[in-house]
Amino acid sequence: MIRRPILGALAALALFAWAPPAAAAEKLNVVTTTSLYADLVRQIAGDAVEVRYVAPPKFNIHYIQPKPSDVRNVRRADLFVQSGLDHEHWTDPLLQAAGRTELFRGSVRNADMSTGITLLEVPQGQVDRMEGDIHLFGNPHFYVGPQNVPAMTATLLGKLKELDPDNAAAYDTNAAAFLEKFTARLAEWKTSAEKTAGKEIVSYHKDIAYLADFLGVKAEQFVEPKPGIPPTPKHVGFLAGYMKERGIRLIVTPTYYPRRTAEEVAGRAGGRVAIVCQNAGEVPGTEDVFGFFDHNVKAISEGVA
Amino acid sequence: MRSLVPYVFLLLFVGPTVCAEARAAEPVSLEAQVRELTRAVQDLRLTVENQQREIALLKGQTPPPFRTPAAPAAGPAAARGRWNPDIGVVADTLVTADTPKADTEGADRLSVREVEVIFGSNVDPYSRLDATFAFSDFEEASLDEAYLTHFALPWEVTGRVGRFRPRVGKVLQTHRDALDTVDMPLAVQRYFGSEGYARSGADLTRALDLPFDSAHEVTLGVLEGGNEEGGTLFGDRRRPTFYARSKNYWDLGEVTGLELGASFLSGSRDADVSREVGVFAADLSLFHDFEPPRRLKLQAEAFHVNRRESLTMLADAVTGVVTAQDLDGTLWGAYGLADLRFHVNWAAGLRLDRVEPIDAFGNPDPADTGYTGYLTFYQSEFARWRLQFSHLDLAAGENDDRVFVQGTFSIGEHKHKLQ
């Protein structure tokens with residue numbers, strides 16, 4: 001009687017072995033967590049790679065629920081690019097579902113974009129959820145600061161050359177050209193930042209620390225009373241008073257936070273709300289790295305002018 | 001359990017080292033060197049910045065802002081303290097008010113229905129261990145899950161061995177604290193148990209690379225027999241239950257997806273070795289993300305039970321007379337759920353249930369039916385409150401109205417597995 005299940009199990013194992021393997025890829029398959037990293041990969045690798053990203057640009061990176069198609073894409077990937085730290089909580093379950101250990105954190109086919117970044121707001125002492133959804137290693141929104149692009153480029157370049165040595169020279173050339181162009185733009189953005197230096201703005205979430213650092217603006221108050229905690233009427237009242245008292249005229253937010261609360265605060269304080277993107281393609285014109293930083297720098301420098 | 005041994009051995013320990021050796025040859029040393037160099041450069045930069053700050057102070061100038069050191073995101077420093085596994089605690093508290101006065105699980109009282117303590121960590125470069133212990137204020141402490149996941153099996157197969165929730169349908173894979181409703185759908189409660197279905201066993205999962213823009217996955221497994229508390233589907237633990245599942249997913253757009261699954265379980269009701277219980281399960285899930293976390297989910301599952309059991313003692317529903325009868329026949333149960341997370345803090349939903357209980361063979365109106373409505377308030381990412389009303393029409397002829405208030409809170413590190 002037991003013979004039938006054994007035969008069944010053997011037949012099933014044969015099915016596992018028989019299932020056709022994925023066709024050999026001509027190009028390097030890269031999956032990134034965000035659209036911004038995907039564009040950085042394109043800047044360095046051009047047409048030599050196929051790039052996909054998991055998080056749709058208009059979505060808050062904290063709340064992404066990877067789909068089975070994302071699992072499939074990651075399983076087929078030669079390189080997985082993520083922010084690292086404790087930013088994208090969903091990446092570990094995604095990588096485990098894909099089941100390829102060489103894509104896991106710290107492994108050879110995983111690019112940790114926080115490598116080489118000087119992190120801001122690193123918690124000191126005991127860390128507690130009383131402070132909201134804080135991050136253990138520091139503020140993880142480093143990719144919003146243009147000053148961090150060279151380090152991120154270096155991380156990607158290293159990984160691409162390591163995994164695809166045949167195209168290493170092309171990657172070097174592309175990366176050098178990209179960085180030359182980016183450095184020129186960086187200088188322009190820095191110049192435009194001279195007008196904004198020392199000004200104070202309010203942000204919806206604690207996600208513009210690196211951009212504020214680059215522009216020399218202060219962003220010390222937030223529409224969220226604590227990271228990840230929705231605003232209360234009391235906090236809205238406090239914030240409107242704070243802005244009025246200090247003559248702060250700008251609240252910045254990505255597209256995915258409720259605009260109404262930010263506008264209510266800005267309205268009561270005589271200010272206005274501007275979109276500062278967290279993802280490439282979040283608003284039209286921000287599809288590539290240059291457009292992304294152009295938009296964000298302009299949103300703040302014009303907003304506080 | 002003895003009959004499980006050859007399958008477990010066959011499924012998990014044939015040839016994993018083949019892949020392991022191939023992966024060991026990856027160029028990890030270069031990456032380690034780069035990390036070391038990066039760290040060294042960062043340290044030097046910090047030293048220079050701190051010196052500049054001190055010079056500025058000595059000159060009576062305003063010092064440049066102090067920069068905090070880089071986080072140990074990678075490299076040797078990141079290893080500090082990482083021998084400890086990730087530890088999470090999920091508390092599920094419940095206030096229940098219901099019609100029957102029987103002192104059943106958590107009825108008419110405030111209870112800590114379950115506190116789950118969850119441990120998880122990589123064991124080595126090829127495998128991971130996850131364990132969940134459950135405590136309750138009205139039940140014995142129990143081992144909910146404890147299983148090893150092996151990622152480096154041949155043919156890109158992922159294997160699990162231990163006690164786990166099989167990859168059958170949708171809610172059977174879900175812990176109660178992660179459900180959209182307070183309780184499991186009626187069909188799951190009646191057939192598998194009120195807490196779902198976790199058994200000891202082993203399974204293998206492999207993605208199928210088909211030439212379509214879709215995602216497909218096949219799972220095969222073998223589990224110990226029996227059910228969870230309250231379940232009636234299978235019998236003796238000694239007789240294994242075999243299962244298979246096919247999961248199929250299609251993107252209907254960037255933010256819309258459709259999943260169709262089919263599962264089959266084959267097991268035994270009693271001590272003989274014949275496989276007289278067969279369950280075919282089908283599941284359908286459709287989701288649409290408006291703007292996370294705002295999301296609409298429509299989910300339905302159906303379980304079709306086929307039993308060939310002879311001479312079982314059954315009580316007549318009307319007269320109460322007990323007679324021996326054959327139980328050849330079929331039963332089915334299903335539910336449909338609509339869940340709408342319409343605000344970052346709020347979600348609401350509705351579930352419809354219908355199930356023919358195992359002990360309802362021969363009854364003229366053999367189905368339990370019910371409807372459930374709920375409203376969920378997400379206090380934060382880690383705390384949630386839910387108000388639920390359920391109405392049940394039972395095959396035994398009674399009705400039951402229940403009101404639940406549930407609070408679910410989590411601390412520590414806890415990441416739900418992707419289904």
# chains A, B, ... in the order shown; residues from 1 in each chain; ligands from 1
$ interface_residues --of "chain A" --to "chain B" --cutoff "6 Å" --atoms "only C-alpha atoms" --output "short mmCIF file (atom, residue, chain, number, x, y, z; two decimals) with N, CA and C atoms, in the first residue's frame"
data_model
loop_
_atom_site.label_atom_id
_atom_site.label_comp_id
_atom_site.auth_asym_id
_atom_site.auth_seq_id
_atom_site.Cartn_x
_atom_site.Cartn_y
_atom_site.Cartn_z
N ALA A 22 15.43 28.45 -16.60
CA ALA A 22 15.31 29.75 -17.26
C ALA A 22 16.32 29.85 -18.40
N PHE A 59 4.70 55.07 -4.56
CA PHE A 59 4.38 54.37 -3.31
C PHE A 59 5.42 54.64 -2.24
N TYR A 63 5.80 50.68 2.91
CA TYR A 63 4.59 49.84 2.90
C TYR A 63 4.52 48.88 1.71
N SER A 69 5.22 38.21 -8.73
CA SER A 69 6.02 38.55 -9.91
C SER A 69 7.34 39.21 -9.48
N LEU A 85 20.72 48.76 5.55
CA LEU A 85 20.31 49.23 6.88
C LEU A 85 19.00 48.53 7.27
N PRO A 93 12.10 39.15 3.56
CA PRO A 93 11.11 38.14 3.13
C PRO A 93 11.09 37.94 1.61
N GLY A 99 14.67 32.68 -2.62
CA GLY A 99 15.40 31.48 -2.25
C GLY A 99 16.82 31.35 -2.74
N GLY A 116 29.55 53.08 2.42
CA GLY A 116 30.35 54.28 2.15
C GLY A 116 29.62 55.58 2.42
N THR A 118 28.07 58.42 4.83
CA THR A 118 28.13 58.92 6.20
C THR A 118 26.70 59.20 6.65
N LEU A 119 26.23 58.38 7.56
CA LEU A 119 24.83 58.46 7.95
C LEU A 119 24.58 59.58 8.95
N PHE A 137 20.13 52.28 12.57
CA PHE A 137 21.48 52.62 12.10
C PHE A 137 21.64 54.10 11.74
#
$ select_by_dssp --residues "segment 53-236 of chain A" --states "strand (DSSP E)" --output "NGL selection string"
:A and (53 or 79-82 or 110-112 or 200-203 or 218-222)
$ write_last_selection --atoms "N, CA and C atoms" --output "mmCIF file, in the first residue's frame"
data_model
loop_
_atom_site.group_PDB
_atom_site.id
_atom_site.type_symbol
_atom_site.label_atom_id
_atom_site.label_comp_id
_atom_site.auth_asym_id
_atom_site.auth_seq_id
_atom_site.Cartn_x
_atom_site.Cartn_y
_atom_site.Cartn_z
ATOM 1 N N TYR A 53 12.529 47.402 -11.089
ATOM 2 C CA TYR A 53 12.462 47.807 -9.687
ATOM 3 C C TYR A 53 11.181 47.276 -9.061
ATOM 4 N N LEU A 79 21.818 40.514 -9.909
ATOM 5 C CA LEU A 79 22.211 41.473 -8.872
ATOM 6 C C LEU A 79 20.954 42.084 -8.264
ATOM 7 N N PHE A 80 20.924 42.145 -6.945
ATOM 8 C CA PHE A 80 19.819 42.805 -6.242
ATOM 9 C C PHE A 80 20.377 44.046 -5.544
ATOM 10 N N VAL A 81 19.750 45.181 -5.783
ATOM 11 C CA VAL A 81 20.236 46.451 -5.245
ATOM 12 C C VAL A 81 19.231 46.973 -4.218
ATOM 13 N N GLN A 82 19.698 47.228 -3.016
ATOM 14 C CA GLN A 82 18.797 47.704 -1.968
ATOM 15 C C GLN A 82 19.472 48.767 -1.117
ATOM 16 N N ASN A 110 24.445 41.010 -3.917
ATOM 17 C CA ASN A 110 23.603 42.002 -3.252
ATOM 18 C C ASN A 110 24.399 43.295 -3.112
ATOM 19 N N ALA A 111 23.865 44.373 -3.667
ATOM 20 C CA ALA A 111 24.518 45.680 -3.531
ATOM 21 C C ALA A 111 23.820 46.469 -2.433
ATOM 22 N N ASP A 112 24.572 46.780 -1.386
ATOM 23 C CA ASP A 112 24.051 47.561 -0.270
ATOM 24 C C ASP A 112 24.430 49.020 -0.524
ATOM 25 N N GLU A 200 14.752 77.760 7.333
ATOM 26 C CA GLU A 200 14.140 76.590 7.962
ATOM 27 C C GLU A 200 12.885 76.178 7.201
ATOM 28 N N ILE A 201 12.690 74.889 7.067
ATOM 29 C CA ILE A 201 11.486 74.346 6.444
ATOM 30 C C ILE A 201 10.919 73.248 7.352
ATOM 31 N N VAL A 202 9.718 72.802 7.022
ATOM 32 C CA VAL A 202 9.095 71.692 7.745
ATOM 33 C C VAL A 202 8.895 70.558 6.756
ATOM 34 N N SER A 203 9.134 69.347 7.209
ATOM 35 C CA SER A 203 8.952 68.181 6.337
ATOM 36 C C SER A 203 7.844 67.297 6.912
ATOM 37 N N LYS A 218 17.490 74.086 7.498
ATOM 38 C CA LYS A 218 17.124 73.380 8.726
ATOM 39 C C LYS A 218 15.782 72.697 8.516
ATOM 40 N N ALA A 219 15.676 71.444 8.919
ATOM 41 C CA ALA A 219 14.384 70.740 8.884
ATOM 42 C C ALA A 219 14.280 69.972 10.191
ATOM 43 N N GLU A 220 13.771 70.649 11.198
ATOM 44 C CA GLU A 220 13.777 70.051 12.535
ATOM 45 C C GLU A 220 12.383 69.738 13.063
ATOM 46 N N GLN A 221 11.367 70.208 12.352
ATOM 47 C CA GLN A 221 9.993 69.901 12.752
ATOM 48 C C GLN A 221 9.286 69.167 11.620
ATOM 49 N N PHE A 222 8.366 68.283 12.010
ATOM 50 C CA PHE A 222 7.742 67.407 11.020
ATOM 51 C C PHE A 222 6.230 67.360 11.230
#
$ closest_residue --among "A:Glu224, A:Val265, A:Asp207, A:Asp213" --to "Gly237 of chain A" --atoms "only C-alpha atoms"
A:Val265
$ select_by_dssp --residues "segment 171-365 of chain B" --states "alpha helix (DSSP H)" --output "PyMOL selection string"
chain B and resi 186-191
$ write_last_selection --atoms "C-alpha atoms" --output "JSON list (two decimals), in the first residue's frame"
[["chain", "number", "residue", "atom", "x", "y", "z"],
["B", 186, "LEU", "CA", -15.54, 28.66, 9.18],
["B", 187, "ALA", "CA", -14.38, 26.10, 6.62],
["B", 188, "VAL", "CA", -10.85, 26.22, 8.01],
["B", 189, "GLN", "CA", -12.09, 26.04, 11.61],
["B", 190, "ARG", "CA", -14.33, 23.04, 10.94],
["B", 191, "TYR", "CA", -11.94, 21.07, 8.75]]
$ residues_around --residues "Pro233 of chain A" --least-positions-apart "6" --cutoff "12 Å" --atoms "only C-alpha atoms" --output "number ranges by chain"
A: 223-225, 239-240, 261-262, 264-265
$ write_last_selection --atoms "N, CA and C atoms" --output "PDB file, in the first residue's frame"
ATOM      1  N   VAL A 223       5.512  67.115  10.144  1.00  0.00           N
ATOM      2  CA  VAL A 223       4.055  67.008  10.263  1.00  0.00           C
ATOM      3  C   VAL A 223       3.711  65.782  11.107  1.00  0.00           C
ATOM      4  N   GLU A 224       4.464  64.705  10.926  1.00  0.00           N
ATOM      5  CA  GLU A 224       4.315  63.553  11.828  1.00  0.00           C
ATOM      6  C   GLU A 224       4.955  63.919  13.170  1.00  0.00           C
ATOM      7  N   PRO A 225       4.226  63.727  14.268  1.00  0.00           N
ATOM      8  CA  PRO A 225       4.831  64.067  15.562  1.00  0.00           C
ATOM      9  C   PRO A 225       6.059  63.207  15.867  1.00  0.00           C
ATOM     10  N   LEU A 239       2.356  72.900  15.280  1.00  0.00           N
ATOM     11  CA  LEU A 239       3.211  73.112  14.112  1.00  0.00           C
ATOM     12  C   LEU A 239       2.848  74.415  13.400  1.00  0.00           C
ATOM     13  N   ALA A 240       1.540  74.670  13.288  1.00  0.00           N
ATOM     14  CA  ALA A 240       1.116  75.915  12.629  1.00  0.00           C
ATOM     15  C   ALA A 240       1.659  77.114  13.408  1.00  0.00           C
ATOM     16  N   THR A 261      -3.456  67.390   5.365  1.00  0.00           N
ATOM     17  CA  THR A 261      -2.949  67.857   6.665  1.00  0.00           C
ATOM     18  C   THR A 261      -1.833  68.871   6.471  1.00  0.00           C
ATOM     19  N   ALA A 262      -0.920  68.550   5.525  1.00  0.00           N
ATOM     20  CA  ALA A 262       0.188  69.471   5.268  1.00  0.00           C
ATOM     21  C   ALA A 262      -0.354  70.822   4.799  1.00  0.00           C
ATOM     22  N   GLU A 264      -3.294  72.062   5.426  1.00  0.00           N
ATOM     23  CA  GLU A 264      -3.989  72.733   6.533  1.00  0.00           C
ATOM     24  C   GLU A 264      -2.980  73.501   7.399  1.00  0.00           C
ATOM     25  N   VAL A 265      -1.869  72.830   7.709  1.00  0.00           N
ATOM     26  CA  VAL A 265      -0.836  73.482   8.531  1.00  0.00           C
ATOM     27  C   VAL A 265      -0.265  74.690   7.794  1.00  0.00           C
TER      28      VAL A 265
END
$ closest_residue --among "B:Val305, B:Leu296, B:Leu260, B:Ala281" --to "Leu233 of chain B" --atoms "only C-alpha atoms"
B:Val305
$ atom_distance --atom1 "atom CA of Phe164 of chain B" --atom2 "atom CA of Val90 of chain B"
17.6 Å
$ residues_around --residues "segment 140-154 of chain A" --least-positions-apart "5" --cutoff "9 Å" --atoms "only C-alpha atoms" --output "mmCIF file with N, CA and C atoms, in the first residue's frame"
data_model
loop_
_atom_site.group_PDB
_atom_site.id
_atom_site.type_symbol
_atom_site.label_atom_id
_atom_site.label_comp_id
_atom_site.auth_asym_id
_atom_site.auth_seq_id
_atom_site.Cartn_x
_atom_site.Cartn_y
_atom_site.Cartn_z
ATOM 1 N N LEU A 36 14.879 54.981 -8.334
ATOM 2 C CA LEU A 36 16.077 55.823 -8.371
ATOM 3 C C LEU A 36 17.324 54.962 -8.564
ATOM 4 N N TYR A 37 17.402 53.872 -7.826
ATOM 5 C CA TYR A 37 18.543 52.966 -7.994
ATOM 6 C C TYR A 37 18.535 52.362 -9.402
ATOM 7 N N LEU A 40 20.116 54.798 -11.662
ATOM 8 C CA LEU A 40 21.571 54.838 -11.451
ATOM 9 C C LEU A 40 22.251 53.673 -12.162
ATOM 10 N N VAL A 41 21.622 52.504 -12.081
ATOM 11 C CA VAL A 41 22.177 51.336 -12.776
ATOM 12 C C VAL A 41 22.215 51.608 -14.281
ATOM 13 N N ILE A 44 25.077 53.773 -15.421
ATOM 14 C CA ILE A 44 26.398 53.130 -15.441
ATOM 15 C C ILE A 44 26.462 52.021 -16.481
ATOM 16 N N SER A 83 18.661 49.475 -0.327
ATOM 17 C CA SER A 83 19.218 50.539 0.514
ATOM 18 C C SER A 83 20.053 49.979 1.645
ATOM 19 N N GLY A 84 19.742 48.763 2.084
ATOM 20 C CA GLY A 84 20.445 48.196 3.231
ATOM 21 C C GLY A 84 19.907 48.795 4.515
ATOM 22 N N LEU A 85 20.723 48.760 5.554
ATOM 23 C CA LEU A 85 20.311 49.229 6.884
ATOM 24 C C LEU A 85 19.004 48.535 7.274
ATOM 25 N N ASP A 86 18.092 49.292 7.898
ATOM 26 C CA ASP A 86 16.796 48.683 8.248
ATOM 27 C C ASP A 86 15.678 49.442 7.535
ATOM 28 N N HIS A 87 15.957 49.826 6.290
ATOM 29 C CA HIS A 87 15.032 50.718 5.592
ATOM 30 C C HIS A 87 13.870 49.967 4.940
ATOM 31 N N ASP A 112 24.572 46.780 -1.386
ATOM 32 C CA ASP A 112 24.051 47.561 -0.270
ATOM 33 C C ASP A 112 24.430 49.020 -0.524
ATOM 34 N N MET A 113 23.438 49.840 -0.885
ATOM 35 C CA MET A 113 23.729 51.205 -1.310
ATOM 36 C C MET A 113 24.133 52.117 -0.159
ATOM 37 N N SER A 114 23.974 51.646 1.066
ATOM 38 C CA SER A 114 24.400 52.487 2.186
ATOM 39 C C SER A 114 25.902 52.389 2.425
ATOM 40 N N THR A 115 26.549 51.483 1.715
ATOM 41 C CA THR A 115 27.993 51.319 1.879
ATOM 42 C C THR A 115 28.709 52.631 1.524
ATOM 43 N N GLY A 116 29.551 53.084 2.424
ATOM 44 C CA GLY A 116 30.347 54.282 2.153
ATOM 45 C C GLY A 116 29.621 55.584 2.421
ATOM 46 N N ILE A 117 28.381 55.510 2.876
ATOM 47 C CA ILE A 117 27.614 56.730 3.158
ATOM 48 C C ILE A 117 27.828 57.143 4.614
ATOM 49 N N THR A 118 28.074 58.424 4.831
ATOM 50 C CA THR A 118 28.129 58.921 6.204
ATOM 51 C C THR A 118 26.700 59.202 6.649
ATOM 52 N N LEU A 119 26.233 58.378 7.562
ATOM 53 C CA LEU A 119 24.826 58.464 7.947
ATOM 54 C C LEU A 119 24.580 59.583 8.953
ATOM 55 N N LEU A 120 23.418 60.176 8.847
ATOM 56 C CA LEU A 120 23.008 61.229 9.777
ATOM 57 C C LEU A 120 21.995 60.661 10.768
ATOM 58 N N HIS A 135 14.928 54.385 13.049
ATOM 59 C CA HIS A 135 15.818 53.419 12.406
ATOM 60 C C HIS A 135 17.090 53.241 13.235
ATOM 61 N N LYS A 159 30.078 46.408 -7.984
ATOM 62 C CA LYS A 159 29.300 45.169 -8.127
ATOM 63 C C LYS A 159 29.170 44.764 -9.597
ATOM 64 N N ALA A 175 30.531 55.216 -16.055
ATOM 65 C CA ALA A 175 30.481 55.785 -14.705
ATOM 66 C C ALA A 175 31.272 57.087 -14.644
ATOM 67 N N LEU A 179 29.652 60.578 -13.710
ATOM 68 C CA LEU A 179 30.089 61.345 -12.547
ATOM 69 C C LEU A 179 30.580 62.734 -12.931
ATOM 70 N N PHE A 182 27.504 64.641 -13.452
ATOM 71 C CA PHE A 182 26.790 64.814 -12.189
ATOM 72 C C PHE A 182 27.510 65.831 -11.304
ATOM 73 N N THR A 183 28.846 65.770 -11.321
ATOM 74 C CA THR A 183 29.612 66.702 -10.481
ATOM 75 C C THR A 183 29.363 68.142 -10.915
ATOM 76 N N LEU A 186 26.096 69.027 -9.633
ATOM 77 C CA LEU A 186 26.183 69.141 -8.175
ATOM 78 C C LEU A 186 26.639 70.551 -7.788
ATOM 79 N N TRP A 189 23.770 72.918 -8.261
ATOM 80 C CA TRP A 189 22.800 72.798 -7.165
ATOM 81 C C TRP A 189 23.342 73.444 -5.899
ATOM 82 N N LYS A 206 10.494 62.349 8.389
ATOM 83 C CA LYS A 206 11.917 62.604 8.592
ATOM 84 C C LYS A 206 12.710 62.002 7.433
ATOM 85 N N ASP A 207 12.480 62.527 6.225
ATOM 86 C CA ASP A 207 13.078 61.852 5.075
ATOM 87 C C ASP A 207 13.898 62.778 4.182
ATOM 88 N N ILE A 208 14.171 64.006 4.634
ATOM 89 C CA ILE A 208 14.962 64.893 3.776
ATOM 90 C C ILE A 208 16.232 65.374 4.473
ATOM 91 N N ALA A 209 16.660 64.637 5.482
ATOM 92 C CA ALA A 209 17.816 65.082 6.275
ATOM 93 C C ALA A 209 19.048 65.318 5.393
ATOM 94 N N TYR A 210 19.270 64.438 4.433
ATOM 95 C CA TYR A 210 20.490 64.539 3.620
ATOM 96 C C TYR A 210 20.394 65.681 2.618
ATOM 97 N N LEU A 211 19.206 65.905 2.069
ATOM 98 C CA LEU A 211 19.021 67.019 1.141
ATOM 99 C C LEU A 211 19.134 68.332 1.907
ATOM 100 N N ALA A 212 18.550 68.365 3.109
ATOM 101 C CA ALA A 212 18.638 69.570 3.937
ATOM 102 C C ALA A 212 20.096 69.855 4.290
ATOM 103 N N ASP A 213 20.836 68.807 4.585
ATOM 104 C CA ASP A 213 22.253 68.948 4.914
ATOM 105 C C ASP A 213 23.014 69.532 3.720
ATOM 106 N N PHE A 214 22.696 69.046 2.534
ATOM 107 C CA PHE A 214 23.363 69.520 1.319
ATOM 108 C C PHE A 214 23.036 70.988 1.054
ATOM 109 N N CYS A 277 10.480 64.695 -3.940
ATOM 110 C CA CYS A 277 10.308 63.279 -4.286
ATOM 111 C C CYS A 277 11.248 62.378 -3.495
ATOM 112 N N GLN A 278 10.796 61.181 -3.269
ATOM 113 C CA GLN A 278 11.634 60.125 -2.689
ATOM 114 C C GLN A 278 12.019 59.096 -3.746
ATOM 115 N N ASN A 279 11.258 59.062 -4.824
ATOM 116 C CA ASN A 279 11.531 58.071 -5.877
ATOM 117 C C ASN A 279 11.609 58.755 -7.237
ATOM 118 N N PHE A 292 15.439 64.137 -11.056
ATOM 119 C CA PHE A 292 15.037 63.905 -9.667
ATOM 120 C C PHE A 292 15.629 64.979 -8.750
ATOM 121 N N PHE A 293 16.971 65.167 -8.844
ATOM 122 C CA PHE A 293 17.599 66.147 -7.951
ATOM 123 C C PHE A 293 17.276 67.578 -8.371
ATOM 124 N N ASN A 296 13.933 68.365 -6.833
ATOM 125 C CA ASN A 296 13.944 68.506 -5.365
ATOM 126 C C ASN A 296 14.658 69.777 -4.910
#
$ atom_distance --atom1 "atom CA of Thr174 of chain B" --atom2 "atom CA of Asp144 of chain B"
11.9 Å
$ atom_distance --atom1 "atom CA of Asp270 of chain B" --atom2 "atom CA of Gly397 of chain B"
28.6 Å
$ closest_residue --among "A:Val127, A:Val276, A:Ala177, A:Ala269" --to "His205 of chain A" --atoms "only C-alpha atoms"
A:Val276
